[in-house]
file coords-v3.cif (mmCIF, C-alpha atoms and all ligand atoms)
data_coords
loop_
_atom_site.label_atom_id
_atom_site.label_comp_id
_atom_site.auth_asym_id
_atom_site.auth_seq_id
_atom_site.Cartn_x
_atom_site.Cartn_y
_atom_site.Cartn_z
CA MET A 216 -17.72 -25.42 25.60
CA PRO A 217 -19.14 -26.40 22.22
CA ARG A 218 -16.67 -26.51 19.39
CA GLN A 219 -16.75 -23.21 17.57
CA ARG A 220 -16.24 -23.20 13.85
CA HIS A 221 -14.11 -20.38 12.52
CA THR A 222 -13.89 -19.01 9.03
CA THR A 223 -11.45 -16.38 7.84
CA LEU A 224 -12.51 -14.27 4.89
CA LYS A 225 -10.06 -12.03 3.10
CA VAL A 226 -11.39 -8.68 1.96
CA VAL A 227 -9.65 -5.65 0.48
CA VAL A 228 -10.26 -1.94 1.05
CA THR A 229 -9.30 0.13 -1.97
CA GLY A 230 -10.05 3.53 -3.49
CA PRO A 231 -8.32 6.83 -4.30
CA PHE A 232 -5.76 8.67 -2.17
CA ASN A 233 -7.35 10.35 0.87
CA ALA A 234 -10.69 8.49 0.60
CA GLY A 235 -10.52 7.01 4.12
CA LYS A 236 -9.22 3.45 3.55
CA THR A 237 -6.70 3.45 6.39
CA THR A 238 -9.26 5.16 8.63
CA LEU A 239 -11.89 2.47 7.99
CA ILE A 240 -9.52 -0.34 8.95
CA SER A 241 -8.11 1.55 11.95
CA THR A 242 -11.58 2.37 13.24
CA ILE A 243 -12.86 -1.20 13.40
CA SER A 244 -9.81 -3.44 13.70
CA GLU A 245 -9.60 -5.33 16.97
CA ILE A 246 -5.87 -5.92 16.59
CA PRO A 247 -3.23 -3.18 16.33
CA VAL A 248 -3.35 -2.22 12.68
CA LEU A 249 -0.32 -2.88 10.56
CA THR A 250 0.10 0.33 8.57
CA THR A 251 2.82 1.50 6.27
CA GLU A 252 2.17 5.22 6.28
CA THR A 253 4.96 7.66 5.45
CA SER A 254 5.20 11.39 4.85
CA VAL A 255 3.78 12.74 1.61
CA SER A 256 6.48 14.63 -0.27
CA ASP A 257 4.68 16.07 -3.30
CA ALA A 258 1.85 18.57 -3.80
CA ALA A 259 -0.69 16.07 -2.44
CA ARG A 260 0.77 17.05 0.93
CA GLU A 261 -1.75 19.87 1.07
CA ARG A 262 -4.56 17.32 1.22
CA LYS A 263 -2.95 14.90 3.63
CA LYS A 264 0.37 14.58 5.44
CA ARG A 265 0.79 10.79 5.48
CA THR A 266 0.11 8.07 2.93
CA THR A 267 0.04 4.28 2.75
CA VAL A 268 2.92 2.93 0.66
CA SER A 269 2.46 -0.80 0.93
CA MET A 270 -0.57 -2.03 2.86
CA ASP A 271 -2.78 -1.75 5.92
CA PHE A 272 -3.85 -4.87 7.74
CA GLY A 273 -6.51 -5.27 10.39
CA ARG A 274 -9.00 -7.86 11.60
CA ILE A 275 -12.53 -7.90 12.93
CA THR A 276 -14.52 -10.85 14.30
CA VAL A 277 -18.20 -11.28 13.59
CA ALA A 278 -20.02 -13.52 16.07
CA GLY A 279 -22.18 -16.35 14.76
CA ASP A 280 -21.80 -19.92 13.60
CA PRO A 281 -19.33 -20.08 12.16
CA VAL A 282 -17.46 -17.22 13.79
CA ILE A 283 -16.25 -15.08 10.93
CA GLU A 284 -12.92 -13.33 11.00
CA LEU A 285 -12.63 -10.65 8.38
CA ALA A 286 -9.01 -10.12 7.40
CA MET A 287 -8.96 -6.58 6.00
CA PHE A 288 -6.20 -5.53 3.63
CA GLY A 289 -5.99 -1.83 2.74
CA THR A 290 -4.25 -0.71 -0.42
CA PRO A 291 -2.34 2.44 -1.34
CA GLY A 292 -4.51 4.78 -3.44
CA GLN A 293 -2.16 6.30 -6.01
CA ALA A 294 -1.95 4.59 -9.40
CA ARG A 295 1.84 4.35 -9.12
CA PHE A 296 1.22 1.69 -6.46
CA ASP A 297 -1.06 -0.41 -8.69
CA PHE A 298 1.33 -3.38 -8.39
CA MET A 299 0.27 -3.56 -4.72
CA TRP A 300 -3.35 -3.80 -5.85
CA ASN A 301 -2.38 -6.94 -7.75
CA VAL A 302 -0.49 -8.34 -4.76
CA LEU A 303 -3.16 -7.60 -2.17
CA SER A 304 -6.12 -8.79 -4.25
CA LYS A 305 -4.85 -12.38 -4.39
CA GLY A 306 -7.45 -14.59 -2.78
CA MET A 307 -9.82 -11.76 -1.87
CA LEU A 308 -13.48 -12.66 -1.57
CA GLY A 309 -14.76 -9.11 -1.91
CA TYR A 310 -13.70 -5.50 -1.65
CA VAL A 311 -14.77 -2.09 -0.47
CA LEU A 312 -14.34 0.74 -2.96
CA MET A 313 -13.85 3.70 -0.64
CA VAL A 314 -14.73 7.07 -2.16
CA ASP A 315 -14.69 10.57 -0.68
CA VAL A 316 -18.22 11.47 -1.67
CA ALA A 317 -17.57 15.11 -0.73
CA ASP A 318 -14.84 15.40 -3.38
CA PRO A 319 -16.29 14.60 -6.83
CA SER A 320 -12.93 15.39 -8.45
CA THR A 321 -11.77 11.95 -7.18
CA TRP A 322 -14.70 9.95 -8.57
CA ALA A 323 -13.27 9.29 -12.02
CA GLU A 324 -10.17 7.85 -10.40
CA ALA A 325 -12.38 5.70 -8.16
CA GLY A 326 -13.97 4.37 -11.34
CA ALA A 327 -10.58 3.55 -12.80
CA ILE A 328 -9.56 1.67 -9.65
CA ARG A 329 -12.86 -0.25 -9.71
CA ASP A 330 -12.20 -1.19 -13.36
CA HIS A 331 -8.72 -2.44 -12.39
CA PHE A 332 -10.17 -4.51 -9.53
CA ARG A 333 -12.98 -5.98 -11.63
CA VAL A 334 -10.32 -7.64 -13.73
CA LEU A 335 -8.42 -8.90 -10.68
CA GLY A 336 -11.31 -10.83 -9.18
CA ARG A 337 -14.91 -11.62 -10.03
CA VAL A 338 -16.01 -10.97 -6.48
CA PRO A 339 -18.64 -8.68 -4.94
CA TYR A 340 -17.84 -5.13 -3.93
CA VAL A 341 -19.63 -2.34 -2.14
CA VAL A 342 -19.02 1.37 -2.60
CA ALA A 343 -18.43 3.26 0.64
CA ALA A 344 -19.61 6.83 0.12
CA ASN A 345 -17.39 8.31 2.81
CA ARG A 346 -17.84 11.73 4.44
CA SER A 347 -21.47 11.66 3.34
CA ASP A 348 -22.60 13.53 6.48
CA GLY A 349 -26.25 12.71 5.83
CA ASP A 350 -26.10 14.00 2.25
CA ASP A 351 -28.39 11.76 0.15
CA ALA A 352 -27.84 13.40 -3.22
CA ALA A 353 -24.08 12.87 -3.44
CA PRO A 354 -24.18 9.07 -3.06
CA LEU A 355 -26.77 8.93 -5.85
CA ALA A 356 -24.63 11.10 -8.09
CA LEU A 357 -21.68 8.83 -7.29
CA ARG A 358 -23.71 5.77 -8.30
CA ARG A 359 -24.48 7.40 -11.64
CA THR A 360 -20.89 8.49 -12.23
CA LEU A 361 -19.57 5.00 -11.52
CA ASP A 362 -22.42 3.53 -13.59
CA LEU A 363 -22.97 0.88 -10.93
CA PRO A 364 -25.09 -2.21 -11.60
CA ALA A 365 -28.23 -2.26 -9.44
CA HIS A 366 -26.91 -5.07 -7.22
CA VAL A 367 -23.81 -3.12 -6.16
CA ARG A 368 -24.58 -1.25 -2.97
CA VAL A 369 -23.55 2.29 -2.14
CA VAL A 370 -23.22 2.65 1.62
CA PRO A 371 -23.22 6.26 2.84
CA CYS A 372 -20.81 6.48 5.75
CA ASN A 373 -18.41 8.44 7.90
CA VAL A 374 -15.83 5.82 8.74
CA VAL A 375 -14.29 7.78 11.60
CA GLU A 376 -17.35 6.48 13.49
CA ILE A 377 -17.26 2.86 14.59
CA ALA A 378 -20.94 2.14 13.86
CA SER A 379 -20.64 3.59 10.38
CA ALA A 380 -17.44 1.70 9.60
CA LYS A 381 -19.14 -1.52 10.75
CA ASP A 382 -22.10 -0.82 8.43
CA VAL A 383 -19.70 -0.79 5.49
CA MET A 384 -18.03 -4.07 6.43
CA LEU A 385 -21.32 -5.81 7.20
CA ALA A 386 -22.76 -4.76 3.84
CA LEU A 387 -19.74 -6.29 2.14
CA LEU A 388 -19.91 -9.40 4.31
CA VAL A 389 -23.55 -10.03 3.37
CA ASP A 390 -22.70 -9.83 -0.33
CA VAL A 391 -19.59 -11.98 0.10
CA LEU A 392 -21.54 -14.69 1.92
CA SER A 393 -24.31 -14.79 -0.68
CA ALA A 394 -21.71 -14.98 -3.45
CA ILE A 395 -20.03 -17.92 -1.70
CA GLU A 396 -23.40 -19.67 -1.29
CA ALA A 397 -24.44 -19.06 -4.88
CA ARG A 398 -21.14 -20.30 -6.26
CA PRO A 399 -21.12 -23.73 -7.84
CA ALA A 400 -18.47 -25.89 -6.22
CA SER A 401 -15.38 -25.31 -8.29
CA PRO A 402 -11.88 -26.35 -7.35
CA SER A 403 -10.29 -23.26 -8.88
CA ALA A 404 -12.47 -20.70 -7.13
CA PRO A 405 -11.04 -19.00 -4.04
CA THR A 406 -12.50 -20.49 -0.88
CA PRO A 407 -12.43 -19.23 2.69
CA VAL A 408 -9.86 -20.76 4.97
CA ASN A 409 -11.66 -23.05 7.38
CA ALA A 410 -10.23 -23.86 10.76
CA GLN A 411 -11.64 -25.95 13.55
CA VAL A 412 -10.84 -24.57 16.96
CA GLY A 413 -11.39 -27.12 19.72
CA MET B 113 30.44 5.52 13.39
CA GLU B 114 32.22 6.54 10.25
CA SER B 115 32.12 10.25 9.69
CA VAL B 116 31.65 11.32 6.13
CA ALA B 117 31.23 15.07 6.25
CA ILE B 118 29.11 16.34 3.43
CA ALA B 119 27.83 19.80 4.09
CA PRO B 120 24.45 20.37 2.47
CA THR B 121 25.83 23.29 0.51
CA ALA B 122 23.58 22.52 -2.43
CA THR B 123 20.67 24.93 -2.28
CA GLY B 124 18.65 24.70 -5.51
CA ALA B 125 16.87 21.50 -6.46
CA HIS B 126 19.07 21.23 -9.52
CA SER B 127 22.34 21.19 -7.64
CA LEU B 128 20.94 18.71 -5.12
CA GLU B 129 20.12 16.44 -8.05
CA GLU B 130 23.69 16.79 -9.28
CA ALA B 131 25.08 15.98 -5.87
CA VAL B 132 22.90 12.87 -5.63
CA SER B 133 23.91 11.86 -9.17
CA ARG B 134 27.55 12.13 -8.18
CA GLU B 135 26.99 9.75 -5.27
CA LEU B 136 25.26 7.29 -7.58
CA SER B 137 28.14 7.48 -10.07
CA THR B 138 30.58 6.76 -7.28
CA LEU B 139 28.53 3.71 -6.31
CA ARG B 140 28.44 2.51 -9.90
CA MET B 141 32.22 2.85 -10.15
CA SER B 142 32.80 1.00 -6.88
CA VAL B 143 30.56 -1.92 -7.81
CA PRO B 144 31.02 -2.74 -11.49
CA GLY B 145 28.11 -4.30 -13.37
CA LEU B 146 25.18 -2.65 -11.60
CA LEU B 147 22.22 -2.50 -13.97
CA SER B 148 20.25 0.38 -12.44
CA VAL B 149 20.43 2.74 -9.50
CA LEU B 150 17.51 4.85 -8.31
CA VAL B 151 16.87 7.21 -5.42
CA ALA B 152 13.23 7.73 -4.41
CA THR B 153 11.35 9.43 -1.60
CA SER B 154 9.87 7.18 1.07
CA ASP B 155 6.39 7.83 -0.36
CA GLY B 156 7.52 6.46 -3.70
CA LEU B 157 8.43 9.36 -5.97
CA PRO B 158 11.59 9.13 -8.09
CA LEU B 159 14.34 11.67 -7.36
CA VAL B 160 17.34 10.58 -9.42
CA GLY B 161 18.09 7.54 -11.55
CA ASP B 162 15.99 4.91 -13.25
CA CYS B 163 15.23 1.21 -13.28
CA ARG B 164 15.65 -1.21 -16.13
CA GLY B 165 12.57 -3.19 -17.05
CA THR B 166 10.03 -0.71 -15.73
CA ASP B 167 9.31 3.01 -15.61
CA ARG B 168 10.93 5.04 -12.86
CA GLN B 169 7.59 5.96 -11.24
CA THR B 170 6.70 2.32 -10.67
CA ALA B 171 10.25 1.47 -9.60
CA ALA B 172 10.18 4.29 -7.03
CA ALA B 173 6.82 3.11 -5.72
CA MET B 174 8.04 -0.49 -5.47
CA ALA B 175 11.14 0.59 -3.57
CA ALA B 176 8.96 2.60 -1.17
CA ALA B 177 6.63 -0.36 -0.70
CA ALA B 178 9.59 -2.57 0.26
CA LEU B 179 10.89 0.12 2.62
CA GLY B 180 7.47 0.68 4.19
CA LEU B 181 6.64 -2.97 4.69
CA GLY B 182 10.16 -3.82 5.86
CA GLY B 183 10.06 -0.99 8.38
CA GLU B 184 6.75 -2.23 9.74
CA ILE B 185 8.05 -5.79 10.03
CA ALA B 186 11.20 -4.65 11.83
CA GLY B 187 9.16 -2.56 14.24
CA ARG B 188 6.59 -5.26 14.96
CA ILE B 189 9.14 -7.92 15.82
CA ARG B 190 11.19 -5.38 17.77
CA GLN B 191 14.32 -5.57 15.71
CA GLY B 192 14.92 -1.85 15.53
CA ASP B 193 15.28 0.21 12.39
CA TYR B 194 14.82 -1.13 8.89
CA CYS B 195 18.05 -1.28 6.89
CA GLU B 196 17.53 -3.08 3.59
CA THR B 197 15.54 -5.62 1.60
CA VAL B 198 17.15 -8.05 -0.83
CA THR B 199 14.87 -9.44 -3.51
CA ARG B 200 16.90 -12.22 -5.06
CA SER B 201 15.39 -13.61 -8.24
CA SER B 202 16.58 -16.31 -10.63
CA ASP B 203 18.08 -13.63 -12.87
CA GLY B 204 19.33 -11.02 -10.45
CA TYR B 205 18.77 -8.72 -7.49
CA PHE B 206 16.61 -5.75 -6.56
CA VAL B 207 17.98 -4.33 -3.30
CA THR B 208 16.51 -1.41 -1.36
CA TYR B 209 18.47 0.53 1.27
CA ARG B 210 16.87 3.05 3.62
CA ILE B 211 18.20 6.58 3.26
CA GLY B 212 17.81 8.02 6.74
CA GLU B 213 14.25 9.18 7.31
CA ILE B 214 13.81 10.55 3.82
CA GLY B 215 13.96 7.92 1.18
CA VAL B 216 15.25 4.78 -0.36
CA LEU B 217 18.11 3.73 -2.62
CA ALA B 218 17.22 0.94 -5.04
CA VAL B 219 19.84 -1.07 -6.89
CA VAL B 220 19.32 -3.57 -9.69
CA ALA B 221 22.20 -6.02 -10.04
CA PRO B 222 22.90 -9.17 -12.06
CA THR B 223 23.28 -12.61 -10.45
CA GLY B 224 27.07 -12.43 -10.65
CA VAL B 225 27.40 -9.41 -8.37
CA SER B 226 29.21 -9.76 -5.06
CA LEU B 227 26.40 -9.06 -2.62
CA ALA B 228 28.89 -8.39 0.17
CA MET B 229 30.62 -5.74 -1.88
CA LEU B 230 27.32 -4.25 -2.99
CA HIS B 231 26.11 -4.01 0.62
CA HIS B 232 29.37 -2.47 1.75
CA GLU B 233 29.33 0.24 -0.89
CA ALA B 234 25.58 0.88 -1.06
CA ARG B 235 25.25 1.26 2.72
CA THR B 236 27.93 3.92 2.58
CA THR B 237 26.17 5.61 -0.31
CA ALA B 238 22.84 5.54 1.55
CA ALA B 239 24.46 7.06 4.64
CA ARG B 240 26.02 9.84 2.56
CA LEU B 241 22.73 10.50 0.76
CA ALA B 242 20.96 10.75 4.11
CA ARG B 243 23.17 13.72 4.98
CA LEU B 244 22.76 15.26 1.54
CA ILE B 245 19.00 15.24 1.04
CA PRO B 246 16.99 17.57 3.28
CA PRO B 247 14.03 15.97 5.07
CA ALA B 248 10.54 16.69 3.73
CA ASP B 249 9.43 18.36 6.97
N1 LIG C 501 -14.53 14.08 8.61
C1 LIG C 501 -14.13 12.88 8.22
N2 LIG C 501 -12.83 12.69 7.94
C2 LIG C 501 -12.43 11.47 7.55
C3 LIG C 501 -13.34 10.39 7.45
N3 LIG C 501 -12.66 9.30 7.03
C4 LIG C 501 -11.38 9.69 6.89
N4 LIG C 501 -11.23 10.97 7.22
C5 LIG C 501 -9.98 11.75 7.20
O1 LIG C 501 -9.53 11.79 5.87
C6 LIG C 501 -8.12 11.71 5.80
C7 LIG C 501 -7.68 10.60 4.89
O2 LIG C 501 -7.98 9.36 5.46
P1 LIG C 501 -7.07 8.06 5.19
O3 LIG C 501 -7.75 6.95 5.91
O4 LIG C 501 -5.65 8.32 5.49
O5 LIG C 501 -7.25 7.91 3.62
P2 LIG C 501 -6.61 6.81 2.63
O6 LIG C 501 -5.62 7.54 1.80
O7 LIG C 501 -7.76 6.35 1.80
O8 LIG C 501 -6.02 5.72 3.46
C8 LIG C 501 -7.63 11.56 7.22
O9 LIG C 501 -7.21 12.82 7.69
C9 LIG C 501 -8.87 11.08 7.96
O10 LIG C 501 -8.84 11.47 9.30
C10 LIG C 501 -14.73 10.62 7.77
O11 LIG C 501 -15.59 9.74 7.72
N5 LIG C 501 -15.05 11.89 8.14
MG MG C 502 -4.08 4.96 3.50
#

call {"tool": "encode", "arguments": {"input": "coords-v3.cif", "output": "C-alpha cells"}}
result
Amino acid sequence: MPRQRHTTLKVVVTGPFNAGKTTLISTISEIPVLTTETSVSDAARERKKRTTVSMDFGRITVAGDPVIELAMFGTPGQARFDFMWNVLSKGMLGYVLMVDVADPSTWAEAGAIRDHFRVLGRVPYVVAANRSDGDDAAPLALRRTLDLPAHVRVVPCNVVEIASAKDVMLALLVDVLSAIEARPASPSAPTPVNAQVG
Amino acid sequence: MESVAIAPTATGAHSLEEAVSRELSTLRMSVPGLLSVLVATSDGLPLVGDCRGTDRQTAAAMAAAALGLGGEIAGRIRQGDYCETVTRSSDGYFVTYRIGEIGVLAVVAPTGVSLAMLHHEARTTAARLARLIPPAD
C-alpha cells in the first residue's frame, strides 16, 4: 500500500433558523452526526419542532491525493446563539451560507449572518439556495438581495438529497482549495491540519 | 429519591413565573453571595431571572448551549443523563444544571463560593423546578 496523505479541512455550515443546515450535514456525513437539537418552545415551533442549540458535527471524505476529510461544523441559526458562531468559526477555511430560497422573508437575516461571518474569517463561502426545486429565478433574486460579489457561487440545491448536498460541499471545497493555493505563505494564516498515515 | 411534592397548581403563566421566582429566592438565601440566577428553556429562551455581564437572551442561549453539548457528550460516551456543567474562570463560576426535560438553571457565583454547597442546593432547586414547569409538549 502506498502511503496516503491525509488533509483535514474545517468548514462551517451557517444560515438562518430552518434553512437546512442540520439536514445538509446529516445527509452527507459518513459518521454518526453529533447534533444538539432540542424542542422549540416559542412561536417558531410552527415552522419546526426541533432546533440546534450548540453545534452539529459531521465528516465526509473526498478521495484523491491527498485524501481530504471535510470536518463540517453546523451552527445554530438564531441570532441569540451568535456566540456559537464565534466559537465554531475558529480555524474555519470556508463556510456554506445555507438559505431557504423558498422563503424570502429569511433572506435579510441570511445577509446579516453573512456579514457577521465575513468579519470572523476572510475565507471563501458559497451560498446554498436550498429547497430550490428547479426554480432558477429565486436563486438569482437571492444573489441580488445578498449583493454577492461575482466570485461567490450560489448553488441551487435540495439538501435532503445526497447528490445535491454533495454538490454544495464540493463547490465550497473547490473554492477553499483555490484560496489555500493562492494564499501567500503566512505563519498567521489558518492552515489545514496535515497528517501522514502510514 | 427525595420526594419534594410540589403540585403544579399554578395555572397562568404569571403565577408559574412567581412560583419559579420563589424557588430562585430560596436558592439565593441558601447559598449567600450568588451573583445571578437564571432559568431558561432548553432551546435557550429566558424564563425567569437574569445574568450579570450580559443580556438575559444571550445568557439563556449560552446556558442552553452548555446543556445541549453536555447532553450530547454524556450520551456519546455512554455516561447516562447530563446533570451539570461547571465553567470555572479566574474570577468566578457559571454553572448550568439540567431541569428535567424542560430547561436549564444557570448560576453565576464568585470565586469564594462553596461549590459543594452550591451543587447541593442548586440540584435540589433544579429538581423542584422540574416538577413545577410543565413540559413544552
Ligand atoms: N423539502 C425539503 N425540505 C428540507 C430540505 N432541507 C431541509 N428540509 C427540511 O427543513 C427543515 C429544517 O431543516 P434543518 O436542517 O433542521 O434546518 P436548520 O435549522 O438550518 O438546521 C427540516 O424539517 C428538514 O427536513 C430540502 O432540501 N427540501
Ligand atoms: Mg439545525

call {"tool": "interface_residues", "arguments": {"input": "coords-v3.cif", "of": "chain B", "to": "chain A", "cutoff": "12 Å", "atoms": "all atoms listed in the file", "output": "VMD selection string"}}
result
chain B and resid 152 to 159 166 to 189 213 to 215 246 to 249

call {"tool": "write_last_selection", "arguments": {"input": "coords-v3.cif", "atoms": "C-alpha atoms", "output": "mmCIF file, in the coordinates of the input"}}
result
data_model
loop_
_atom_site.group_PDB
_atom_site.id
_atom_site.type_symbol
_atom_site.label_atom_id
_atom_site.label_comp_id
_atom_site.auth_asym_id
_atom_site.auth_seq_id
_atom_site.Cartn_x
_atom_site.Cartn_y
_atom_site.Cartn_z
ATOM 1 C CA ALA B 152 13.230 7.730 -4.410
ATOM 2 C CA THR B 153 11.350 9.430 -1.600
ATOM 3 C CA SER B 154 9.870 7.180 1.070
ATOM 4 C CA ASP B 155 6.390 7.830 -0.360
ATOM 5 C CA GLY B 156 7.520 6.460 -3.700
ATOM 6 C CA LEU B 157 8.430 9.360 -5.970
ATOM 7 C CA PRO B 158 11.590 9.130 -8.090
ATOM 8 C CA LEU B 159 14.340 11.670 -7.360
ATOM 9 C CA THR B 166 10.030 -0.710 -15.730
ATOM 10 C CA ASP B 167 9.310 3.010 -15.610
ATOM 11 C CA ARG B 168 10.930 5.040 -12.860
ATOM 12 C CA GLN B 169 7.590 5.960 -11.240
ATOM 13 C CA THR B 170 6.700 2.320 -10.670
ATOM 14 C CA ALA B 171 10.250 1.470 -9.600
ATOM 15 C CA ALA B 172 10.180 4.290 -7.030
ATOM 16 C CA ALA B 173 6.820 3.110 -5.720
ATOM 17 C CA MET B 174 8.040 -0.490 -5.470
ATOM 18 C CA ALA B 175 11.140 0.590 -3.570
ATOM 19 C CA ALA B 176 8.960 2.600 -1.170
ATOM 20 C CA ALA B 177 6.630 -0.360 -0.700
ATOM 21 C CA ALA B 178 9.590 -2.570 0.260
ATOM 22 C CA LEU B 179 10.890 0.120 2.620
ATOM 23 C CA GLY B 180 7.470 0.680 4.190
ATOM 24 C CA LEU B 181 6.640 -2.970 4.690
ATOM 25 C CA GLY B 182 10.160 -3.820 5.860
ATOM 26 C CA GLY B 183 10.060 -0.990 8.380
ATOM 27 C CA GLU B 184 6.750 -2.230 9.740
ATOM 28 C CA ILE B 185 8.050 -5.790 10.030
ATOM 29 C CA ALA B 186 11.200 -4.650 11.830
ATOM 30 C CA GLY B 187 9.160 -2.560 14.240
ATOM 31 C CA ARG B 188 6.590 -5.260 14.960
ATOM 32 C CA ILE B 189 9.140 -7.920 15.820
ATOM 33 C CA GLU B 213 14.250 9.180 7.310
ATOM 34 C CA ILE B 214 13.810 10.550 3.820
ATOM 35 C CA GLY B 215 13.960 7.920 1.180
ATOM 36 C CA PRO B 246 16.990 17.570 3.280
ATOM 37 C CA PRO B 247 14.030 15.970 5.070
ATOM 38 C CA ALA B 248 10.540 16.690 3.730
ATOM 39 C CA ASP B 249 9.430 18.360 6.970
#

call {"tool": "residues_near_ligand", "arguments": {"input": "coords-v3.cif", "ligand": "ligand LIG 501 (chain C)", "cutoff": "8 Å", "atoms": "only C-alpha atoms and all ligand atoms", "output": "list in words"}}
result
Thr229, Gly230, Pro231, Phe232, Asn233, Ala234, Gly235, Lys236, Thr237, Thr238, Leu239, Lys263, Arg265, Thr266, Thr267, Gly289, Thr290, Pro291, Gly292, Met313, Asn345, Arg346, Ser347, Asp348, Cys372, Asn373, Val374, Val375 and Glu376 of chain A

call {"tool": "atom_distance", "arguments": {"input": "coords-v3.cif", "atom1": "CA of Ala353 in chain A", "atom2": "CA of Ala365 in chain A"}}
result
16.8 Å

call {"tool": "residues_around", "arguments": {"input": "coords-v3.cif", "residues": "range 326-336 of chain A", "least_positions_apart": "4", "cutoff": "9 Å", "atoms": "all atoms listed in the file", "output": "list in words"}}
result
Thr229, Gly230, Pro231, Gly292, Ala294, Asp297, Trp300, Asn301, Ser304, Lys305, Gly306, Met307, Leu308, Gly309, Tyr310, Leu312, Thr321, Trp322, Thr360, Leu361 and Asp362 of chain A

call {"tool": "atom_distance", "arguments": {"input": "coords-v3.cif", "atom1": "CA of Cys195 in chain B", "atom2": "CA of Val228 in chain A"}}
result
28.9 Å

call {"tool": "decode", "arguments": {"input": "coords-v3.cif", "residues": "range 155-172 of chain B", "atoms": "N, CA and C atoms", "output": "mmCIF file, in the first residue's frame"}}
result
data_model
loop_
_atom_site.group_PDB
_atom_site.id
_atom_site.type_symbol
_atom_site.label_atom_id
_atom_site.label_comp_id
_atom_site.auth_asym_id
_atom_site.auth_seq_id
_atom_site.Cartn_x
_atom_site.Cartn_y
_atom_site.Cartn_z
ATOM 1 N N ASP B 155 -34.173 25.301 24.691
ATOM 2 C CA ASP B 155 -33.795 25.895 23.408
ATOM 3 C C ASP B 155 -33.345 27.350 23.583
ATOM 4 N N GLY B 156 -33.037 27.730 24.815
ATOM 5 C CA GLY B 156 -32.329 28.984 25.032
ATOM 6 C C GLY B 156 -33.159 30.252 25.116
ATOM 7 N N LEU B 157 -34.357 30.156 25.677
ATOM 8 C CA LEU B 157 -35.154 31.373 25.899
ATOM 9 C C LEU B 157 -35.272 31.613 27.395
ATOM 10 N N PRO B 158 -35.077 32.855 27.841
ATOM 11 C CA PRO B 158 -35.123 33.126 29.276
ATOM 12 C C PRO B 158 -36.540 33.004 29.826
ATOM 13 N N LEU B 159 -36.675 32.396 31.009
ATOM 14 C CA LEU B 159 -37.983 32.320 31.666
ATOM 15 C C LEU B 159 -38.029 33.294 32.836
ATOM 16 N N VAL B 160 -37.121 33.101 33.790
ATOM 17 C CA VAL B 160 -37.088 33.957 34.972
ATOM 18 C C VAL B 160 -35.628 34.218 35.332
ATOM 19 N N GLY B 161 -35.347 35.440 35.770
ATOM 20 C CA GLY B 161 -34.005 35.749 36.249
ATOM 21 C C GLY B 161 -33.187 36.484 35.200
ATOM 22 N N ASP B 162 -31.927 36.727 35.544
ATOM 23 C CA ASP B 162 -31.057 37.448 34.626
ATOM 24 C C ASP B 162 -29.620 36.988 34.830
ATOM 25 N N CYS B 163 -28.695 37.667 34.185
ATOM 26 C CA CYS B 163 -27.295 37.259 34.251
ATOM 27 C C CYS B 163 -26.425 38.496 34.209
ATOM 28 N N ARG B 164 -25.597 38.659 35.229
ATOM 29 C CA ARG B 164 -24.746 39.846 35.234
ATOM 30 C C ARG B 164 -23.710 39.754 34.111
ATOM 31 N N GLY B 165 -23.421 40.889 33.525
ATOM 32 C CA GLY B 165 -22.389 40.919 32.490
ATOM 33 C C GLY B 165 -22.903 40.736 31.087
ATOM 34 N N THR B 166 -24.119 40.206 30.926
ATOM 35 C CA THR B 166 -24.667 40.066 29.582
ATOM 36 C C THR B 166 -26.183 40.153 29.658
ATOM 37 N N ASP B 167 -26.826 40.264 28.490
ATOM 38 C CA ASP B 167 -28.287 40.329 28.477
ATOM 39 C C ASP B 167 -28.865 38.936 28.719
ATOM 40 N N ARG B 168 -30.101 38.883 29.177
ATOM 41 C CA ARG B 168 -30.661 37.589 29.569
ATOM 42 C C ARG B 168 -30.910 36.670 28.370
ATOM 43 N N GLN B 169 -31.134 37.250 27.177
ATOM 44 C CA GLN B 169 -31.324 36.407 25.991
ATOM 45 C C GLN B 169 -30.044 35.610 25.695
ATOM 46 N N THR B 170 -28.936 36.324 25.696
ATOM 47 C CA THR B 170 -27.662 35.648 25.417
ATOM 48 C C THR B 170 -27.326 34.654 26.518
ATOM 49 N N ALA B 171 -27.573 35.051 27.774
ATOM 50 C CA ALA B 171 -27.276 34.143 28.885
ATOM 51 C C ALA B 171 -28.094 32.861 28.762
ATOM 52 N N ALA B 172 -29.372 33.011 28.404
ATOM 53 C CA ALA B 172 -30.237 31.836 28.249
ATOM 54 C C ALA B 172 -29.724 30.941 27.126
#
